[in-house]
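Q: Contents are compact mmCIF, C-alpha atoms and all ligand atoms; file name start12.txt:
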# COMPACT_ATOMS: atom_id res chain seq x y z
CA MET Q 1 23.15 -19.37 -65.02
CA ASN Q 2 22.34 -18.02 -61.57
CA ASN Q 3 19.07 -19.60 -60.44
CA THR Q 4 18.65 -17.31 -57.46
CA ALA Q 5 16.44 -14.21 -57.29
CA ASP Q 6 14.52 -12.17 -54.74
CA VAL Q 7 11.30 -13.62 -56.11
CA ILE Q 8 10.60 -16.76 -58.13
CA VAL Q 9 7.45 -16.21 -60.20
CA ILE Q 10 5.67 -19.34 -61.48
CA GLY Q 11 3.67 -18.76 -64.70
CA GLY Q 12 4.28 -16.50 -67.69
CA GLY Q 13 0.78 -15.15 -68.27
CA ILE Q 14 -0.31 -11.55 -67.78
CA LEU Q 15 -0.06 -12.02 -64.02
CA GLY Q 16 3.48 -13.43 -64.14
CA ASN Q 17 4.76 -10.86 -66.63
CA ALA Q 18 3.15 -7.90 -64.88
CA THR Q 19 4.21 -9.05 -61.40
CA ALA Q 20 7.81 -9.40 -62.61
CA TYR Q 21 7.59 -5.90 -64.10
CA TYR Q 22 6.27 -4.28 -60.91
CA LEU Q 23 8.76 -6.22 -58.75
CA GLU Q 24 11.69 -5.06 -60.89
CA LYS Q 25 10.37 -1.50 -60.71
CA ARG Q 26 10.59 -1.81 -56.93
CA GLY Q 27 14.17 -3.09 -57.14
CA LEU Q 28 13.37 -6.78 -56.50
CA HIS Q 29 14.90 -9.21 -58.99
CA ALA Q 30 12.48 -11.79 -60.43
CA ILE Q 31 12.91 -15.06 -62.30
CA VAL Q 32 9.77 -16.13 -64.18
CA LEU Q 33 9.33 -19.86 -64.86
CA GLU Q 34 6.93 -20.67 -67.70
CA GLY Q 35 6.03 -24.33 -68.17
CA SER Q 36 5.17 -24.14 -71.87
CA ASP Q 37 7.47 -23.01 -74.68
CA HIS Q 38 5.75 -19.64 -75.05
CA ILE Q 39 5.16 -16.58 -72.89
CA GLY Q 40 1.44 -15.78 -72.66
CA ASN Q 41 0.43 -19.22 -73.89
CA GLY Q 42 -2.45 -19.59 -71.40
CA GLY Q 43 -5.62 -17.56 -71.04
CA SER Q 44 -3.66 -14.32 -71.25
CA SER Q 45 -3.31 -14.43 -75.04
CA ARG Q 46 -6.65 -16.12 -75.69
CA ASN Q 47 -9.13 -13.96 -73.84
CA GLY Q 48 -11.89 -11.61 -74.97
CA GLY Q 49 -10.14 -8.43 -73.83
CA GLY Q 50 -12.85 -7.25 -71.43
CA VAL Q 51 -11.66 -4.71 -68.84
CA ARG Q 52 -14.76 -4.27 -66.79
CA GLN Q 53 -16.01 -3.59 -63.30
CA SER Q 54 -19.76 -3.90 -63.86
CA GLY Q 55 -21.21 -7.35 -63.25
CA ARG Q 56 -18.38 -8.29 -60.86
CA ASP Q 57 -18.80 -9.63 -57.34
CA VAL Q 58 -18.51 -6.81 -54.80
CA ARG Q 59 -15.52 -8.54 -53.14
CA GLU Q 60 -13.55 -8.12 -56.34
CA LEU Q 61 -14.64 -4.59 -57.14
CA PRO Q 62 -12.12 -2.55 -55.11
CA LEU Q 63 -9.21 -4.22 -56.91
CA VAL Q 64 -10.64 -3.96 -60.41
CA MET Q 65 -11.70 -0.34 -59.77
CA TYR Q 66 -8.18 0.45 -58.56
CA GLY Q 67 -6.69 -0.85 -61.81
CA ILE Q 68 -9.13 1.03 -64.01
CA LYS Q 69 -8.51 4.26 -62.15
CA ASN Q 70 -4.77 4.06 -61.68
CA ILE Q 71 -3.20 1.69 -64.20
CA TRP Q 72 -5.13 1.05 -67.43
CA PRO Q 73 -5.50 4.66 -68.67
CA THR Q 74 -1.71 5.19 -68.92
CA LEU Q 75 -0.59 1.60 -69.52
CA SER Q 76 0.19 1.94 -73.26
CA GLU Q 77 2.41 4.93 -72.52
CA GLU Q 78 4.07 3.19 -69.58
CA LEU Q 79 4.83 -0.03 -71.46
CA GLY Q 80 5.61 1.63 -74.80
CA VAL Q 81 3.16 -0.65 -76.66
CA ASP Q 82 -0.36 -0.04 -77.89
CA CYS Q 83 -2.53 -1.96 -75.43
CA GLU Q 84 -5.51 -0.76 -77.54
CA TYR Q 85 -7.24 0.23 -74.34
CA HIS Q 86 -10.66 1.80 -74.86
CA GLN Q 87 -12.55 3.22 -71.93
CA ASP Q 88 -15.83 3.75 -73.74
CA GLY Q 89 -18.16 1.95 -71.38
CA ASN Q 90 -19.86 -1.40 -71.01
CA LEU Q 91 -23.44 -2.12 -72.02
CA ARG Q 92 -24.79 -5.25 -70.38
CA LEU Q 93 -27.90 -5.97 -72.39
CA GLY Q 94 -31.29 -7.32 -71.39
CA LYS Q 95 -34.34 -8.38 -73.38
CA ASN Q 96 -36.99 -9.09 -70.75
CA GLU Q 97 -38.10 -8.51 -67.14
CA LYS Q 98 -35.98 -11.37 -65.79
CA HIS Q 99 -32.87 -9.86 -67.39
CA LYS Q 100 -33.79 -6.47 -65.98
CA GLU Q 101 -33.98 -7.95 -62.48
CA ILE Q 102 -30.54 -9.59 -62.81
CA LEU Q 103 -28.95 -6.40 -64.17
CA THR Q 104 -30.63 -4.17 -61.60
CA ARG Q 105 -29.38 -6.32 -58.72
CA LEU Q 106 -25.81 -6.29 -60.05
CA ALA Q 107 -25.92 -2.54 -60.68
CA THR Q 108 -27.33 -1.80 -57.22
CA ASN Q 109 -24.59 -3.86 -55.52
CA ALA Q 110 -21.87 -2.19 -57.57
CA LYS Q 111 -23.25 1.30 -56.92
CA GLY Q 112 -22.97 0.53 -53.21
CA CYS Q 113 -19.19 0.16 -53.78
CA GLY Q 114 -18.98 3.55 -55.46
CA LEU Q 115 -19.08 2.36 -59.10
CA ASP Q 116 -20.72 4.65 -61.64
CA VAL Q 117 -23.25 2.22 -63.15
CA ARG Q 118 -26.94 2.69 -63.85
CA MET Q 119 -29.87 1.02 -65.55
CA ILE Q 120 -31.04 2.49 -68.86
CA ASP Q 121 -33.98 1.71 -71.14
CA GLY Q 122 -33.93 0.45 -74.73
CA LYS Q 123 -34.15 3.97 -76.18
CA GLU Q 124 -31.07 5.15 -74.29
CA VAL Q 125 -29.26 1.93 -75.19
CA ARG Q 126 -29.73 2.73 -78.89
CA GLU Q 127 -28.65 6.33 -78.38
CA ILE Q 128 -25.34 4.96 -77.09
CA ASN Q 129 -25.15 2.16 -79.66
CA PRO Q 130 -27.51 2.59 -82.64
CA TYR Q 131 -26.65 -0.84 -84.07
CA LEU Q 132 -28.53 -2.73 -81.35
CA SER Q 133 -31.91 -4.27 -82.27
CA ASP Q 134 -35.31 -3.40 -80.80
CA GLU Q 135 -35.20 -6.70 -78.89
CA VAL Q 136 -32.92 -4.96 -76.37
CA THR Q 137 -35.23 -3.39 -73.82
CA CYS Q 138 -32.78 -2.48 -71.04
CA ALA Q 139 -29.10 -2.51 -70.06
CA SER Q 140 -26.76 -1.63 -67.28
CA TRP Q 141 -24.40 1.14 -68.39
CA CYS Q 142 -20.98 1.59 -66.84
CA PRO Q 143 -19.14 4.41 -68.66
CA THR Q 144 -15.71 3.64 -67.13
CA ASP Q 145 -15.54 0.02 -68.33
CA GLY Q 146 -13.75 -0.92 -71.53
CA HIS Q 147 -11.56 -3.38 -73.39
CA ALA Q 148 -7.97 -3.87 -74.49
CA ASN Q 149 -5.76 -6.16 -76.58
CA PRO Q 150 -4.64 -9.18 -74.49
CA LEU Q 151 -1.63 -10.02 -76.69
CA THR Q 152 -0.02 -6.60 -76.83
CA THR Q 153 -0.70 -5.99 -73.13
CA THR Q 154 0.76 -9.31 -71.94
CA LEU Q 155 3.79 -9.06 -74.21
CA GLY Q 156 4.20 -5.39 -73.32
CA TYR Q 157 4.64 -6.35 -69.67
CA TYR Q 158 7.04 -9.12 -70.73
CA LYS Q 159 9.17 -6.73 -72.79
CA CYS Q 160 9.36 -4.14 -70.00
CA ALA Q 161 10.01 -6.69 -67.23
CA ARG Q 162 12.94 -8.07 -69.27
CA ALA Q 163 14.27 -4.59 -69.96
CA LEU Q 164 14.33 -3.94 -66.20
CA GLY Q 165 16.28 -7.16 -65.56
CA ALA Q 166 13.72 -9.95 -64.99
CA ARG Q 167 14.83 -13.34 -66.28
CA PHE Q 168 12.32 -15.53 -68.10
CA VAL Q 169 12.80 -19.28 -68.54
CA THR Q 170 10.33 -21.05 -70.86
CA GLY Q 171 9.87 -24.83 -70.99
CA GLU Q 172 10.47 -24.90 -67.24
CA PHE Q 173 7.49 -26.76 -65.75
CA VAL Q 174 7.33 -26.41 -61.98
CA LYS Q 175 6.60 -29.58 -60.03
CA GLU Q 176 7.12 -28.59 -56.43
CA ILE Q 177 7.78 -25.86 -53.90
CA ARG Q 178 10.12 -26.78 -51.04
CA LEU Q 179 10.43 -25.05 -47.71
CA VAL Q 180 13.76 -23.68 -46.51
CA LYS Q 181 13.79 -22.97 -42.78
CA GLY Q 182 9.99 -22.85 -42.82
CA ARG Q 183 9.76 -20.41 -45.77
CA ALA Q 184 8.86 -21.02 -49.40
CA GLY Q 185 12.41 -20.92 -50.72
CA LYS Q 186 12.99 -23.53 -53.45
CA VAL Q 187 11.17 -24.31 -56.64
CA VAL Q 188 11.82 -27.66 -58.29
CA CYS Q 189 11.08 -28.18 -61.99
CA ALA Q 190 10.34 -31.27 -64.08
CA SER Q 191 13.69 -30.72 -65.82
CA GLY Q 192 15.43 -31.22 -62.46
CA ASP Q 193 16.42 -27.55 -62.31
CA VAL Q 194 16.03 -25.88 -58.92
CA TYR Q 195 15.47 -22.15 -58.37
CA GLU Q 196 15.86 -20.35 -55.07
CA GLY Q 197 14.32 -17.12 -53.84
CA ASP Q 198 13.26 -15.27 -50.70
CA ASN Q 199 9.70 -15.36 -52.01
CA VAL Q 200 7.68 -17.52 -54.39
CA VAL Q 201 4.60 -16.30 -56.28
CA VAL Q 202 2.32 -18.92 -57.82
CA LEU Q 203 0.54 -17.49 -60.89
CA ALA Q 204 0.02 -20.63 -62.95
CA GLY Q 205 -3.73 -20.62 -63.58
CA TYR Q 206 -5.44 -23.92 -62.80
CA ASP Q 207 -2.05 -25.62 -62.24
CA SER Q 208 -1.61 -23.35 -59.22
CA ARG Q 209 -3.79 -25.79 -57.30
CA ALA Q 210 -1.32 -28.67 -57.74
CA ILE Q 211 1.72 -26.46 -57.14
CA LEU Q 212 0.29 -24.96 -53.93
CA GLY Q 213 -0.72 -28.49 -52.92
CA THR Q 214 2.96 -29.44 -52.63
CA VAL Q 215 3.15 -27.26 -49.51
CA GLY Q 216 -0.26 -28.33 -48.19
CA ILE Q 217 -2.36 -25.42 -49.45
CA ASP Q 218 -5.59 -26.15 -51.31
CA VAL Q 219 -7.46 -23.52 -53.30
CA PRO Q 220 -10.77 -25.05 -54.41
CA MET Q 221 -11.12 -24.51 -58.14
CA THR Q 222 -12.00 -26.35 -61.32
CA ARG Q 223 -10.83 -25.95 -64.90
CA SER Q 224 -13.31 -24.82 -67.55
CA LEU Q 225 -12.97 -24.20 -71.26
CA LEU Q 226 -13.86 -20.78 -72.65
CA GLU Q 227 -14.19 -20.03 -76.36
CA CYS Q 228 -13.93 -16.98 -78.63
CA LEU Q 229 -14.37 -16.13 -82.29
CA VAL Q 230 -13.16 -13.29 -84.48
CA THR Q 231 -14.91 -11.88 -87.58
CA GLU Q 232 -13.57 -10.31 -90.74
CA ALA Q 233 -12.75 -6.62 -90.35
CA GLN Q 234 -15.87 -4.44 -90.55
CA PRO Q 235 -16.22 -0.68 -90.92
CA HIS Q 236 -15.86 1.03 -87.54
CA MET Q 237 -19.17 0.88 -85.64
CA PHE Q 238 -18.65 1.37 -81.92
CA ASP Q 239 -16.11 1.25 -79.07
CA GLN Q 240 -18.15 -0.04 -76.11
CA MET Q 241 -17.65 -3.45 -74.53
CA LEU Q 242 -20.82 -5.54 -74.65
CA GLY Q 243 -22.22 -8.30 -72.51
CA THR Q 244 -25.66 -9.71 -71.84
CA ALA Q 245 -27.72 -10.61 -68.79
CA GLU Q 246 -28.25 -14.03 -70.38
CA ALA Q 247 -24.45 -14.44 -70.75
CA ASP Q 248 -24.98 -15.75 -74.32
CA PHE Q 249 -22.16 -13.58 -75.67
CA TYR Q 250 -19.79 -10.73 -74.88
CA GLY Q 251 -17.40 -8.83 -77.09
CA HIS Q 252 -16.16 -5.69 -78.80
CA GLN Q 253 -14.87 -4.28 -82.07
CA THR Q 254 -11.08 -4.27 -82.25
CA LYS Q 255 -8.83 -1.49 -83.48
CA HIS Q 256 -8.48 -2.99 -86.98
CA GLY Q 257 -12.23 -3.56 -87.34
CA SER Q 258 -12.85 -7.24 -86.61
CA PHE Q 259 -15.22 -8.17 -83.80
CA VAL Q 260 -14.03 -10.50 -81.03
CA PHE Q 261 -16.88 -12.32 -79.32
CA GLY Q 262 -16.84 -14.86 -76.53
CA GLY Q 263 -19.63 -17.11 -75.40
CA SER Q 264 -20.70 -20.62 -74.77
CA SER Q 265 -22.68 -23.53 -76.22
CA GLY Q 266 -22.90 -25.27 -72.87
CA PHE Q 267 -21.10 -28.25 -74.44
CA GLU Q 268 -17.54 -27.16 -73.65
CA GLY Q 269 -17.24 -29.83 -70.96
CA TYR Q 270 -17.48 -32.45 -73.71
CA ASN Q 271 -14.69 -31.13 -75.94
CA LYS Q 272 -11.80 -33.43 -76.74
CA ASP Q 273 -9.32 -32.97 -73.89
CA ASN Q 274 -5.72 -33.82 -74.66
CA GLY Q 275 -4.55 -30.93 -72.49
CA THR Q 276 -4.58 -28.47 -75.41
CA PRO Q 277 -7.68 -26.26 -75.39
CA ILE Q 278 -9.59 -26.92 -78.62
CA SER Q 279 -12.70 -25.06 -79.75
CA ASN Q 280 -15.91 -26.94 -80.43
CA ALA Q 281 -17.71 -26.82 -83.82
CA ILE Q 282 -20.98 -26.13 -81.98
CA THR Q 283 -19.89 -23.08 -80.00
CA ALA Q 284 -19.35 -20.48 -82.74
CA PRO Q 285 -22.83 -21.04 -84.27
CA CYS Q 286 -24.34 -20.78 -80.76
CA ILE Q 287 -22.53 -17.50 -80.09
CA CYS Q 288 -23.60 -16.21 -83.53
CA ARG Q 289 -27.25 -17.07 -82.97
CA GLY Q 290 -27.11 -14.94 -79.82
CA ILE Q 291 -25.31 -12.07 -81.53
CA MET Q 292 -27.72 -11.91 -84.50
CA LYS Q 293 -30.66 -11.25 -82.18
CA TYR Q 294 -28.87 -8.25 -80.72
CA PHE Q 295 -26.96 -7.17 -83.86
CA PRO Q 296 -28.83 -8.01 -87.07
CA ILE Q 297 -26.30 -5.84 -88.97
CA LEU Q 298 -23.60 -8.45 -88.28
CA SER Q 299 -25.58 -11.37 -89.72
CA LYS Q 300 -23.47 -11.42 -92.90
CA ALA Q 301 -20.09 -10.98 -91.16
CA LYS Q 302 -17.78 -13.94 -91.76
CA ILE Q 303 -15.97 -15.69 -88.93
CA VAL Q 304 -12.24 -15.89 -89.57
CA ARG Q 305 -11.13 -18.03 -86.64
CA THR Q 306 -12.25 -19.60 -83.37
CA TRP Q 307 -10.14 -20.55 -80.40
CA ALA Q 308 -10.39 -21.81 -76.84
CA GLY Q 309 -8.53 -21.42 -73.58
CA TRP Q 310 -8.60 -22.81 -70.09
CA SER Q 311 -10.03 -20.82 -67.25
CA ASP Q 312 -9.30 -21.45 -63.56
CA LYS Q 313 -12.69 -21.26 -61.91
CA SER Q 314 -12.92 -20.50 -58.21
CA ALA Q 315 -15.40 -22.43 -56.05
CA ASP Q 316 -17.20 -19.18 -55.18
CA GLY Q 317 -16.67 -17.32 -58.46
CA VAL Q 318 -14.15 -14.85 -57.05
CA PRO Q 319 -10.32 -14.88 -57.48
CA VAL Q 320 -7.89 -15.79 -54.71
CA VAL Q 321 -5.21 -13.12 -54.26
CA GLY Q 322 -2.57 -12.45 -51.61
CA ALA Q 323 -0.11 -13.93 -49.16
CA ILE Q 324 -0.42 -17.50 -47.85
CA GLU Q 325 0.12 -16.97 -44.16
CA GLU Q 326 0.81 -20.61 -43.19
CA VAL Q 327 3.82 -20.54 -45.53
CA PRO Q 328 5.89 -17.38 -45.12
CA GLY Q 329 7.27 -16.10 -48.41
CA LEU Q 330 4.46 -17.67 -50.47
CA TYR Q 331 1.96 -15.64 -52.53
CA THR Q 332 -0.60 -16.44 -55.17
CA SER Q 333 -3.22 -15.09 -57.49
CA CYS Q 334 -5.26 -17.87 -59.04
CA ALA Q 335 -8.82 -19.08 -59.55
CA MET Q 336 -9.28 -15.93 -61.65
CA THR Q 337 -12.65 -17.24 -62.92
CA GLY Q 338 -12.45 -15.60 -66.35
CA HIS Q 339 -11.72 -12.13 -64.92
CA GLY Q 340 -7.92 -12.17 -64.82
CA PHE Q 341 -7.14 -9.99 -67.83
CA GLY Q 342 -9.01 -6.88 -66.76
CA ILE Q 343 -8.01 -7.22 -63.14
CA GLY Q 344 -4.50 -8.55 -63.92
CA PRO Q 345 -2.51 -5.29 -63.86
CA ALA Q 346 -4.01 -4.31 -60.48
CA VAL Q 347 -3.39 -7.77 -59.02
CA ALA Q 348 0.24 -7.74 -60.14
CA HIS Q 349 0.78 -4.19 -58.90
CA GLN Q 350 -0.63 -5.03 -55.47
CA LEU Q 351 1.25 -8.33 -55.18
CA ALA Q 352 4.55 -6.58 -55.92
CA GLN Q 353 3.72 -3.92 -53.32
CA LEU Q 354 2.80 -6.62 -50.78
CA ILE Q 355 6.05 -8.53 -51.34
CA ALA Q 356 8.18 -5.38 -51.24
CA THR Q 357 6.53 -3.58 -48.32
CA GLY Q 358 4.13 -5.97 -46.57
CA GLU Q 359 1.28 -3.58 -47.40
CA THR Q 360 -1.23 -2.97 -50.18
CA ASP Q 361 -3.20 0.08 -51.33
CA VAL Q 362 -6.28 -2.12 -51.76
CA ASP Q 363 -7.62 -4.28 -48.93
CA LEU Q 364 -7.25 -7.86 -50.22
CA HIS Q 365 -8.92 -9.45 -47.21
CA GLU Q 366 -12.06 -10.59 -49.07
CA LEU Q 367 -9.91 -12.42 -51.62
CA ARG Q 368 -8.00 -14.53 -49.09
CA TYR Q 369 -7.09 -18.13 -49.96
CA ASP Q 370 -8.50 -19.49 -46.68
CA ARG Q 371 -12.00 -18.01 -46.97
CA PHE Q 372 -13.28 -21.49 -47.93
CA HIS Q 373 -12.15 -23.06 -44.64
CA ALA Q 374 -14.81 -24.12 -42.18
CA LYS Q 375 -15.24 -21.41 -39.54
CA ILE Q 376 -14.84 -22.70 -35.98
C1 LIG K 1 -11.55 -17.58 -74.06
C2 LIG K 1 -11.30 -16.74 -72.84
C3 LIG K 1 -11.91 -15.50 -72.71
C4 LIG K 1 -11.65 -14.69 -71.59
N1 LIG K 1 -12.16 -13.41 -71.56
C5 LIG K 1 -11.76 -12.58 -70.56
C6 LIG K 1 -12.16 -11.22 -70.59
O1 LIG K 1 -12.84 -10.75 -71.50
N2 LIG K 1 -11.75 -10.40 -69.56
C7 LIG K 1 -10.98 -10.89 -68.53
O2 LIG K 1 -10.66 -10.12 -67.62
N3 LIG K 1 -10.56 -12.17 -68.51
C8 LIG K 1 -10.93 -13.02 -69.50
N4 LIG K 1 -10.50 -14.32 -69.50
C9 LIG K 1 -9.69 -14.80 -68.36
C10 LIG K 1 -8.24 -14.35 -68.47
O3 LIG K 1 -7.71 -14.65 -69.73
C11 LIG K 1 -7.43 -15.04 -67.38
O4 LIG K 1 -8.07 -14.91 -66.13
C12 LIG K 1 -6.05 -14.43 -67.28
O5 LIG K 1 -5.39 -14.49 -68.52
C13 LIG K 1 -5.26 -15.16 -66.22
O6 LIG K 1 -3.91 -14.81 -66.33
P1 LIG K 1 -2.85 -15.72 -65.65
O7 LIG K 1 -1.53 -15.07 -65.86
O8 LIG K 1 -3.27 -16.04 -64.27
O9 LIG K 1 -3.00 -17.13 -66.38
P2 LIG K 1 -2.47 -17.70 -67.76
O10 LIG K 1 -2.45 -16.71 -68.84
O11 LIG K 1 -3.23 -18.95 -68.00
O12 LIG K 1 -0.97 -18.02 -67.41
C14 LIG K 1 -0.59 -19.07 -66.56
C15 LIG K 1 0.71 -19.58 -67.12
O13 LIG K 1 1.23 -20.55 -66.21
C16 LIG K 1 1.88 -21.55 -66.97
N5 LIG K 1 1.96 -22.75 -66.14
C17 LIG K 1 0.97 -23.61 -65.81
N6 LIG K 1 1.46 -24.59 -65.03
C18 LIG K 1 2.78 -24.33 -64.86
C19 LIG K 1 3.81 -24.96 -64.14
N7 LIG K 1 3.58 -26.09 -63.42
N8 LIG K 1 5.05 -24.43 -64.18
C20 LIG K 1 5.30 -23.29 -64.86
N9 LIG K 1 4.34 -22.64 -65.58
C21 LIG K 1 3.10 -23.15 -65.55
C22 LIG K 1 0.95 -21.73 -68.18
O14 LIG K 1 1.65 -22.34 -69.26
C23 LIG K 1 0.55 -20.30 -68.46
O15 LIG K 1 1.35 -19.67 -69.42
C24 LIG K 1 -10.78 -15.17 -70.57
C25 LIG K 1 -10.17 -16.43 -70.68
C26 LIG K 1 -10.41 -17.22 -71.80
C27 LIG K 1 -9.74 -18.55 -71.91
Is it possible to give me this structure as structure tokens?
Ligand SMILES: Cc1cc2nc3c(=O)[nH]c(=O)nc-3n(C[C@H](O)[C@H](O)[C@H](O)COP(=O)(O)OP(=O)(O)OC[C@H]3O[C@@H](n4cnc5c(N)ncnc54)[C@H](O)[C@@H]3O)c2cc1C
A:
Amino acid sequence: MNNTADVIVIGGGILGNATAYYLEKRGLHAIVLEGSDHIGNGGSSRNGGGVRQSGRDVRELPLVMYGIKNIWPTLSEELGVDCEYHQDGNLRLGKNEKHKEILTRLATNAKGCGLDVRMIDGKEVREINPYLSDEVTCASWCPTDGHANPLTTTLGYYKCARALGARFVTGEFVKEIRLVKGRAGKVVCASGDVYEGDNVVVLAGYDSRAILGTVGIDVPMTRSLLECLVTEAQPHMFDQMLGTAEADFYGHQTKHGSFVFGGSSGFEGYNKDNGTPISNAITAPCICRGIMKYFPILSKAKIVRTWAGWSDKSADGVPVVGAIEEVPGLYTSCAMTGHGFGIGPAVAHQLAQLIATGETDVDLHELRYDRFHAKI
């Protein structure tokens, strides 16, 4: 097998699959190295499906807005799979004055970046979603937010990248990047296999920190466990994405009727850690307690399954995306902080453009890897 390509992509999540797809579309050949035995085995097949702009840090907004305007609406057609993308808005719910303050601040910041988001009262909330309880007194409403199916989207990119010529190697765990004439040129795997390319893109979630560390680059991030649950299928109720100011749950109703909800018990740090993300018996009841206050109608819905996944959490809560200037030929998108599904297509699209042309449609300056360095 030829282990040489224009670009060696490390990580087979949504970012790796989509970057390979956009690179191949631009005529650059990609080899994708996935450390586990399965494509999409990380957060990309375990997430809550939120594709939202509201509630995001303003530094991240231009990129996520770009994806929602230019990529998501036609993605199912482009990939030939049903990404189950719904652009029916996001209600971020509040129950008291403190929540209203949090939501108002986020909405004001986002409006300043040109996002269509506004505060609404409890009455208007229930006009949009009549299933919500009277406890909800306010919400931020962003009509262009939505949700999609993480599995079909990630595997859709995989299928199309392969069809265009990208090569995927699973069970190929990357240990090290080596420089060739000062550029990132070689990728060494635990198997002993070596891959060579003109460019290397590190898209390996939390493991990106160790991989980038082999060429002296440190992206400050930690690993955190996120959990989700899915209910039995229910009659169709609504298509909005939901979140809360309190961050006690978020979720949506899927195409076949079940609800997918994510949330936290606060005890995730104490879960058994053998490397495999395992959900905690406490988390689902905690999420449900939150949901029942907002959605009494779901109090009898049965939970079918729970699951967990690792998230790569940036030190300042915002992803790191772009070129690593100290090491020519090296690029990354990591520390996605639980936002990487919704923003993933735009990140991959811009990375491929950057590698192919040296330019991007969206200014990535605020997402630079070296923003954490002490300023002299
Ligand atoms: C429970 C949960 C809910 C979430 N909800 C949302 C949401 O609603 N909306 C949203 O936008 N985001 C959400 N996220 C975050 C989102 O899933 C991630 O940000 C996104 O999937 C990141 O994609 P990725 O390709 O960077 O990472 P991953 O999907 O984690 O892929 C990285 C891949 O790299 C591989 N890898 C690791 N180390 C190596 C190595 N050394 N060599 C080779 N391969 C390696 C891994 O096996 C993995 O397959 C959620 C995450 C979780 C866990």
Q: If we count all atoms listed in the file and set the cut-off at 8 Å, which residues sit around range 237-250 of chain Q, ignoring sequence neighbours fewer than 2 positions away in its own chain? Please answer as a tab-separated table (two decimals) with C-alpha atoms, keeping the file's coordinate frame.
A:
chain	number	residue	atom	x	y	z
Q	48	GLY	CA	-11.89	-11.61	-74.97
Q	50	GLY	CA	-12.85	-7.25	-71.43
Q	86	HIS	CA	-10.66	1.80	-74.86
Q	87	GLN	CA	-12.55	3.22	-71.93
Q	88	ASP	CA	-15.83	3.75	-73.74
Q	89	GLY	CA	-18.16	1.95	-71.38
Q	90	ASN	CA	-19.86	-1.40	-71.01
Q	91	LEU	CA	-23.44	-2.12	-72.02
Q	92	ARG	CA	-24.79	-5.25	-70.38
Q	93	LEU	CA	-27.90	-5.97	-72.39
Q	94	GLY	CA	-31.29	-7.32	-71.39
Q	99	HIS	CA	-32.87	-9.86	-67.39
Q	100	LYS	CA	-33.79	-6.47	-65.98
Q	102	ILE	CA	-30.54	-9.59	-62.81
Q	103	LEU	CA	-28.95	-6.40	-64.17
Q	129	ASN	CA	-25.15	2.16	-79.66
Q	131	TYR	CA	-26.65	-0.84	-84.07
Q	145	ASP	CA	-15.54	0.02	-68.33
Q	146	GLY	CA	-13.75	-0.92	-71.53
Q	147	HIS	CA	-11.56	-3.38	-73.39
Q	234	GLN	CA	-15.87	-4.44	-90.55
Q	235	PRO	CA	-16.22	-0.68	-90.92
Q	252	HIS	CA	-16.16	-5.69	-78.80
Q	253	GLN	CA	-14.87	-4.28	-82.07
Q	261	PHE	CA	-16.88	-12.32	-79.32
Q	262	GLY	CA	-16.84	-14.86	-76.53
Q	263	GLY	CA	-19.63	-17.11	-75.40
Q	264	SER	CA	-20.70	-20.62	-74.77
Q	287	ILE	CA	-22.53	-17.50	-80.09
Q	290	GLY	CA	-27.11	-14.94	-79.82
Q	291	ILE	CA	-25.31	-12.07	-81.53
Q: Can you pull out every residue within 12 Å of Ala204 in chain Q, counting only C-alpha atoms, but drop anything in the same chain fewer than 6 positions away, and send it as a ChimeraX atom specification?
A: /Q:9-17,32-36,39-44,173-175,210-212,310-312,331-336,340
Q: Neighbourhood query: residues within 7 Å of (-6.0, -1.4, -70.4), file coordinates, counting all atoms listed in the file; return as a list in words.
A: Val51, Trp72, Pro73, Leu75, Cys83, Tyr85, His147 and Ala148 of chain Q
Q: To one decimal place in Å, what is the distance between CA of Val347 in chain Q and CA of Asn109 in chain Q?
A: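 Distance reported for this atom pair: 21.8 Å.
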Q: Quick one: of Q:Ile282, Q:Leu226, Q:Val188, Q:Val362, who's nearest to ligand LIG 1 (chain K), counting all atoms listed in the file?
A: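 Looking only at the distances to ligand LIG 1 (chain K), the closest residue turns out to be Q:Leu226.
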Q: Point out the residue among Q:Tyr270, Q:Phe372, Q:Trp141, Q:Tyr158 with the least atom-to-atom distance to ligand LIG 1 (chain K), counting only C-alpha atoms and all ligand atoms.
A: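 Of the candidates, the smallest distance to ligand LIG 1 (chain K) is held by Q:Tyr158.
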Q: Hey, can I get the axis-aligned box for ligand LIG 1 (chain K)? All listed atoms, 5 Å padding on each side, centre and edge lengths in Å to one decimal, as lines of an AutoDock Vina configuration file.
A:
center_x = -3.8
center_y = -18.1
center_z = -68.7
size_x = 28.1
size_y = 26.0
size_z = 20.6
Q: Which residue out of Q:Glu227, Q:Glu127, Q:Glu78, Q:Glu196 has the minimum interatomic distance to ligand LIG 1 (chain K) when all atoms listed in the file are used?
A: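 Nearest to ligand LIG 1 (chain K): Q:Glu227.
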Q: Kindly indicate which residue among Q:Cys189, Q:Cys160, Q:Val320, Q:Val58 lies nearest to Leu115 in chain Q, using only C-alpha atoms for the distances.
A: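 Residue with the minimum atom-to-atom distance to Leu115 in chain Q: Q:Val58.
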Q: I'd like to know which of Q:Gly156, Q:Gly269, Q:Lys25, Q:Thr231 is closest to Leu298 in chain Q, using all atoms listed in the file.
A: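 For Leu298 in chain Q, the nearest of the given residues is Q:Thr231.
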Q: Would you list the contacts of Gln53 in chain Q as a ChimeraX atom specification, taking every protein, DNA or RNA residue within 7 Å and counting all atoms listed in the file, but skipping same-chain residues closer than 3 positions in sequence?
A: /Q:56,61,64-65,145
Q: Which residue, Q:Ala348, Q:Leu330, Q:Val7, Q:Leu364, has the smallest gap to ligand LIG 1 (chain K) when you use only C-alpha atoms and all ligand atoms?
A: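 That would be Q:Ala348, the residue with the smallest distance to ligand LIG 1 (chain K).
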